[in-house]
>>> print(open('run-v1.txt').read())   # compact mmCIF, C-alpha atoms and all ligand atoms
# COMPACT_ATOMS: atom_id res chain seq x y z
CA MET A 67 -118.06 -20.55 -118.11
CA ASN A 68 -118.15 -20.78 -114.31
CA ILE A 69 -115.78 -19.26 -111.81
CA GLY A 70 -114.87 -20.02 -108.20
CA VAL A 71 -112.63 -18.29 -105.68
CA ASP A 72 -111.36 -19.10 -102.19
CA ILE A 73 -109.11 -17.37 -99.68
CA GLU A 74 -107.51 -19.10 -96.68
CA GLU A 75 -105.58 -17.88 -93.67
CA ILE A 76 -102.29 -19.79 -93.62
CA LYS A 77 -102.01 -20.04 -89.82
CA ARG A 78 -105.18 -22.17 -89.79
CA PHE A 79 -103.08 -24.97 -91.32
CA ALA A 80 -100.37 -24.92 -88.64
CA LYS A 81 -101.91 -27.73 -86.63
CA TYR A 82 -102.32 -29.89 -89.73
CA VAL A 83 -98.74 -29.89 -90.97
CA LYS A 84 -97.70 -32.65 -88.58
CA ASP A 85 -101.03 -34.47 -88.53
CA LYS A 86 -100.55 -37.21 -91.14
CA LYS A 87 -104.08 -38.53 -90.61
CA TYR A 88 -105.63 -35.15 -91.37
CA LEU A 89 -103.32 -34.55 -94.33
CA LYS A 90 -104.23 -37.91 -95.87
CA ARG A 91 -107.92 -37.16 -95.48
CA VAL A 92 -107.68 -33.93 -97.46
CA PHE A 93 -104.64 -34.09 -99.74
CA THR A 94 -103.13 -36.58 -102.16
CA ASP A 95 -99.69 -38.06 -101.47
CA GLU A 96 -98.25 -35.83 -104.20
CA GLU A 97 -99.81 -32.69 -102.73
CA ILE A 98 -98.40 -33.63 -99.32
CA SER A 99 -94.90 -34.37 -100.57
CA TYR A 100 -94.83 -31.21 -102.76
CA SER A 101 -95.89 -29.02 -99.84
CA LEU A 102 -93.77 -30.65 -97.14
CA ALA A 103 -90.66 -30.30 -99.31
CA LYS A 104 -91.09 -26.50 -99.32
CA LYS A 105 -89.73 -24.09 -96.71
CA ASN A 106 -93.24 -22.94 -95.82
CA ALA A 107 -95.29 -26.13 -96.04
CA MET A 108 -98.35 -24.51 -94.47
CA GLN A 109 -98.52 -21.95 -97.25
CA HIS A 110 -98.56 -24.59 -99.98
CA LEU A 111 -101.04 -26.82 -98.17
CA ALA A 112 -103.31 -23.81 -97.65
CA ALA A 113 -102.98 -22.90 -101.34
CA ARG A 114 -103.95 -26.43 -102.37
CA PHE A 115 -106.90 -26.40 -100.00
CA ALA A 116 -108.03 -23.03 -101.42
CA ALA A 117 -107.65 -24.41 -104.94
CA LYS A 118 -109.86 -27.40 -104.16
CA GLU A 119 -112.53 -25.11 -102.73
CA ALA A 120 -112.33 -22.71 -105.68
CA VAL A 121 -112.64 -25.57 -108.17
CA TRP A 122 -115.53 -27.04 -106.21
CA LYS A 123 -117.33 -23.67 -106.35
CA ALA A 124 -116.68 -23.31 -110.07
CA LEU A 125 -117.95 -26.84 -110.75
CA ASN A 126 -121.22 -25.94 -109.03
CA THR A 127 -122.03 -29.61 -108.73
CA ARG A 128 -125.14 -30.97 -107.07
CA ASN A 129 -123.61 -34.42 -106.89
CA LYS A 130 -123.58 -35.15 -103.16
CA ARG A 131 -121.00 -37.88 -103.63
CA PHE A 132 -118.52 -35.42 -105.15
CA MET A 133 -116.06 -34.41 -102.45
CA VAL A 134 -113.41 -31.74 -102.25
CA THR A 135 -110.96 -34.63 -101.92
CA ASP A 136 -111.89 -35.72 -105.46
CA ILE A 137 -110.06 -32.60 -106.64
CA SER A 138 -106.28 -32.48 -106.56
CA ILE A 139 -103.66 -30.03 -107.71
CA LYS A 140 -100.38 -30.95 -109.36
CA ASN A 141 -97.94 -28.43 -110.79
CA ASN A 142 -96.60 -29.01 -114.28
CA LYS A 143 -92.88 -28.78 -115.03
CA ASP A 144 -93.10 -24.97 -115.30
CA GLY A 145 -94.71 -24.74 -111.85
CA ARG A 146 -98.18 -24.01 -113.21
CA PRO A 147 -100.88 -25.67 -111.11
CA GLN A 148 -103.13 -28.14 -112.93
CA VAL A 149 -106.41 -29.59 -111.80
CA TYR A 150 -107.00 -33.33 -111.52
CA ILE A 151 -110.41 -34.83 -110.88
CA ARG A 152 -110.19 -38.28 -109.31
CA ASN A 153 -106.54 -38.46 -110.39
CA LYS A 154 -107.31 -37.58 -114.03
CA LYS A 155 -105.99 -34.34 -115.52
CA CYS A 156 -108.92 -32.05 -116.30
CA LYS A 157 -108.19 -29.70 -119.20
CA LYS A 158 -111.52 -27.91 -118.84
CA ILE A 159 -110.61 -26.40 -115.49
CA ASP A 160 -107.95 -23.79 -114.89
CA VAL A 161 -106.73 -22.64 -111.49
CA SER A 162 -104.36 -19.93 -110.36
CA LEU A 163 -102.81 -19.59 -106.89
CA SER A 164 -101.13 -16.76 -105.03
CA HIS A 165 -99.64 -16.48 -101.53
CA THR A 166 -98.72 -13.72 -99.12
CA ASP A 167 -97.26 -14.24 -95.64
CA LYS A 168 -100.74 -14.51 -94.13
CA TYR A 169 -103.13 -15.54 -96.88
CA VAL A 170 -103.45 -17.69 -99.95
CA VAL A 171 -105.96 -17.18 -102.70
CA ALA A 172 -107.11 -19.48 -105.48
CA PHE A 173 -109.22 -18.66 -108.49
CA ALA A 174 -110.71 -21.32 -110.74
CA VAL A 175 -112.46 -21.27 -114.10
CA VAL A 176 -114.45 -24.10 -115.64
CA PHE A 177 -114.84 -23.59 -119.37
C1 LIG A 201 -94.37 -17.88 -111.30
C2 LIG A 201 -94.66 -16.53 -110.65
C3 LIG A 201 -95.71 -15.82 -111.48
C4 LIG A 201 -95.14 -16.74 -109.22
O1 LIG A 201 -95.49 -15.49 -108.66
P1 LIG A 201 -95.06 -15.07 -107.20
O2 LIG A 201 -95.53 -13.66 -106.97
O3 LIG A 201 -93.61 -15.38 -107.01
O4 LIG A 201 -95.82 -16.04 -106.23
P2 LIG A 201 -97.38 -16.19 -105.91
O5 LIG A 201 -97.51 -16.40 -104.46
O6 LIG A 201 -98.21 -15.11 -106.52
O7 LIG A 201 -97.73 -17.51 -106.70
C5 LIG A 201 -97.17 -18.74 -106.37
C6 LIG A 201 -97.91 -19.78 -107.15
O8 LIG A 201 -97.81 -19.45 -108.53
C7 LIG A 201 -98.04 -20.66 -109.27
N1 LIG A 201 -97.11 -20.75 -110.38
C8 LIG A 201 -95.78 -21.03 -110.36
N2 LIG A 201 -95.29 -21.04 -111.60
C9 LIG A 201 -96.31 -20.76 -112.43
C10 LIG A 201 -96.44 -20.64 -113.85
N3 LIG A 201 -95.40 -20.82 -114.68
N4 LIG A 201 -97.65 -20.33 -114.37
C11 LIG A 201 -98.72 -20.17 -113.57
N5 LIG A 201 -98.67 -20.28 -112.21
C12 LIG A 201 -97.48 -20.56 -111.66
C13 LIG A 201 -97.89 -21.82 -108.33
O9 LIG A 201 -99.18 -22.36 -108.10
C14 LIG A 201 -97.35 -21.17 -107.04
O10 LIG A 201 -97.85 -21.74 -105.86
P3 LIG A 201 -97.51 -23.27 -105.45
O11 LIG A 201 -96.03 -23.42 -105.46
O12 LIG A 201 -98.11 -23.39 -104.06
O13 LIG A 201 -98.20 -24.15 -106.45
C15 LIG A 201 -93.37 -15.68 -110.59
O14 LIG A 201 -92.44 -16.27 -109.76
C16 LIG A 201 -92.74 -15.41 -111.93
O15 LIG A 201 -91.92 -16.14 -112.40
N6 LIG A 201 -93.13 -14.34 -112.50
C17 LIG A 201 -92.60 -13.93 -113.76
C18 LIG A 201 -91.97 -12.64 -113.50
C19 LIG A 201 -92.52 -11.60 -114.45
O16 LIG A 201 -92.22 -11.62 -115.63
N7 LIG A 201 -93.30 -10.71 -113.88
C20 LIG A 201 -93.85 -9.63 -114.59
C21 LIG A 201 -95.26 -9.93 -114.98
S1 LIG A 201 -96.07 -8.50 -115.52
>>> encode(input="run-v1.txt", output="structure tokens", more="lines below")
Ligand SMILES: CC(C)(COP(=O)(O)OP(=O)(O)OC[C@H]1O[C@@H](n2cnc3c(N)ncnc32)[C@H](O)[C@@H]1OP(=O)(O)O)[C@@H](O)C(=O)NCCC(=O)NCCS
Amino acid sequence: MNIGVDIEEIKRFAKYVKDKKYLKRVFTDEEISYSLAKKNAMQHLAARFAAKEAVWKALNTRNKRFMVTDISIKNNKDGRPQVYIRNKKCKKIDVSLSHTDKYVVAFAVVF
């Protein structure tokens, strides 16, 4: 089993919310539409970014062609975040997210 964790300051994402080019470089269309539909889009974008980083740490990959953008997060119908690798649901990785007003944290397990 491997673990990974990441914490992000939400205000760091303020400048990105309206920058479609940046958003597209980092997030999938679904991650963008999920986050932008929420009252606090920055918080959800930051959480997804933290989740990608946490998963990347847990994967501990030496593959230089594997990018953080290969990881995406999609919530299931209950709201539970699920990890997708290159758009394919990955059942061997679990991630959990939490937000406060200022920070988001993500914790990932690869089992
Ligand atoms: C779902 C729940 C756990 C979210 O907790 P919260 O304190 O409101 O919010 P947090 O900031 O910690 O977490 C939010 C994230 O939880 C995740 N989440 C939502 N529903 C979830 C679920 N069913 N399972 C796992 N994770 C879930 C999401 O990733 C969400 O972030 P996102 O919208 O950016 O994807 C909470 O609203 C809830 O329903 N709790 C049950 C209440 C309860 O019984 N509490 C007593 C436990 S001892």
>>> residues_around(input="run-v1.txt", residues="Phe115 (chain A)", least_positions_apart="4", cutoff="9 Å", atoms="only C-alpha atoms", output="PyMOL selection string")
chain A and resi 72+74+92-93+110-111+119-120+134+138+172
>>> closest_atom_pairs(input="run-v1.txt", of="chain A", to="ligand LIG 201 (chain A)", cutoff="8 Å", atoms="only C-alpha atoms and all ligand atoms", output="CSV")
residue,atom,partner,partner_atom,distance
A:Ser101,CA,A:LIG201,O12,7.4
A:Gln109,CA,A:LIG201,O12,7.0
A:His110,CA,A:LIG201,O12,4.3
A:Leu111,CA,A:LIG201,O12,7.4
A:Ala113,CA,A:LIG201,O12,5.6
A:Arg114,CA,A:LIG201,O12,6.8
A:Lys140,CA,A:LIG201,O13,7.7
A:Asn141,CA,A:LIG201,O13,6.1
A:Asp144,CA,A:LIG201,N3,4.8
A:Gly145,CA,A:LIG201,N2,3.8
A:Arg146,CA,A:LIG201,C9,3.8
A:Pro147,CA,A:LIG201,O9,4.8
A:Ser162,CA,A:LIG201,N5,6.0
A:Leu163,CA,A:LIG201,O9,4.7
A:Ser164,CA,A:LIG201,O6,3.7
A:His165,CA,A:LIG201,O5,3.6
A:Thr166,CA,A:LIG201,O5,6.1
A:Val170,CA,A:LIG201,O5,7.6
>>> write_last_selection(input="run-v1.txt", atoms="C-alpha atoms", output="compact mmCIF listing (two decimals), keeping the file's coordinate frame")
# COMPACT_ATOMS: atom_id res chain seq x y z
CA SER A 101 -95.89 -29.02 -99.84
CA GLN A 109 -98.52 -21.95 -97.25
CA HIS A 110 -98.56 -24.59 -99.98
CA LEU A 111 -101.04 -26.82 -98.17
CA ALA A 113 -102.98 -22.90 -101.34
CA ARG A 114 -103.95 -26.43 -102.37
CA LYS A 140 -100.38 -30.95 -109.36
CA ASN A 141 -97.94 -28.43 -110.79
CA ASP A 144 -93.10 -24.97 -115.30
CA GLY A 145 -94.71 -24.74 -111.85
CA ARG A 146 -98.18 -24.01 -113.21
CA PRO A 147 -100.88 -25.67 -111.11
CA SER A 162 -104.36 -19.93 -110.36
CA LEU A 163 -102.81 -19.59 -106.89
CA SER A 164 -101.13 -16.76 -105.03
CA HIS A 165 -99.64 -16.48 -101.53
CA THR A 166 -98.72 -13.72 -99.12
CA VAL A 170 -103.45 -17.69 -99.95
>>> closest_residue(input="run-v1.txt", among="A:Tyr150, A:Phe173, A:Tyr88, A:Tyr82", to="Ile69 (chain A)", atoms="only C-alpha atoms")
A:Phe173
>>> closest_residue(input="run-v1.txt", among="A:Asp160, A:Asp136, A:Asp167, A:Asp95", to="Met108 (chain A)", atoms="all atoms listed in the file")
A:Asp167
>>> atom_distance(input="run-v1.txt", atom1="CA of Leu125 (chain A)", atom2="CA of Gly70 (chain A)")
7.9 Å
>>> axis_aligned_box(input="run-v1.txt", around="region 89-107 of chain A", padding_each_side="4 Å", output="AutoDock Vina command-line options")
--center_x -98.8 --center_y -30.5 --center_z -99.3 --size_x 26.2 --size_y 23.1 --size_z 17.9
>>> residues_around(input="run-v1.txt", residues="Thr135 (chain A)", least_positions_apart="5", cutoff="9 Å", atoms="all atoms listed in the file", output="VMD selection string")
chain A and resid 91 to 94 118 151 to 152
>>> atom_distance(input="run-v1.txt", atom1="CA of Asn68 (chain A)", atom2="CA of Trp122 (chain A)")
10.6 Å
>>> atom_distance(input="run-v1.txt", atom1="CA of Tyr100 (chain A)", atom2="CA of Ala112 (chain A)")
12.4 Å
>>> closest_residue(input="run-v1.txt", among="A:Val71, A:Ala116, A:Ala103, A:Ile98", to="Asp85 (chain A)", atoms="all atoms listed in the file")
A:Ile98
>>> closest_residue(input="run-v1.txt", among="A:Lys168, A:Lys84, A:Glu75, A:Ile137", to="Val121 (chain A)", atoms="all atoms listed in the file")
A:Ile137
>>> closest_residue(input="run-v1.txt", among="A:Leu102, A:Lys90, A:Arg78, A:Lys143", to="Tyr169 (chain A)", atoms="only C-alpha atoms")
A:Arg78
>>> residues_near_point(input="run-v1.txt", point="(-108.6, -26.4, -117.1)", cutoff="8 Å", atoms="only C-alpha atoms", output="PyMOL selection string")
chain A and resi 148-149+156-161+175-177
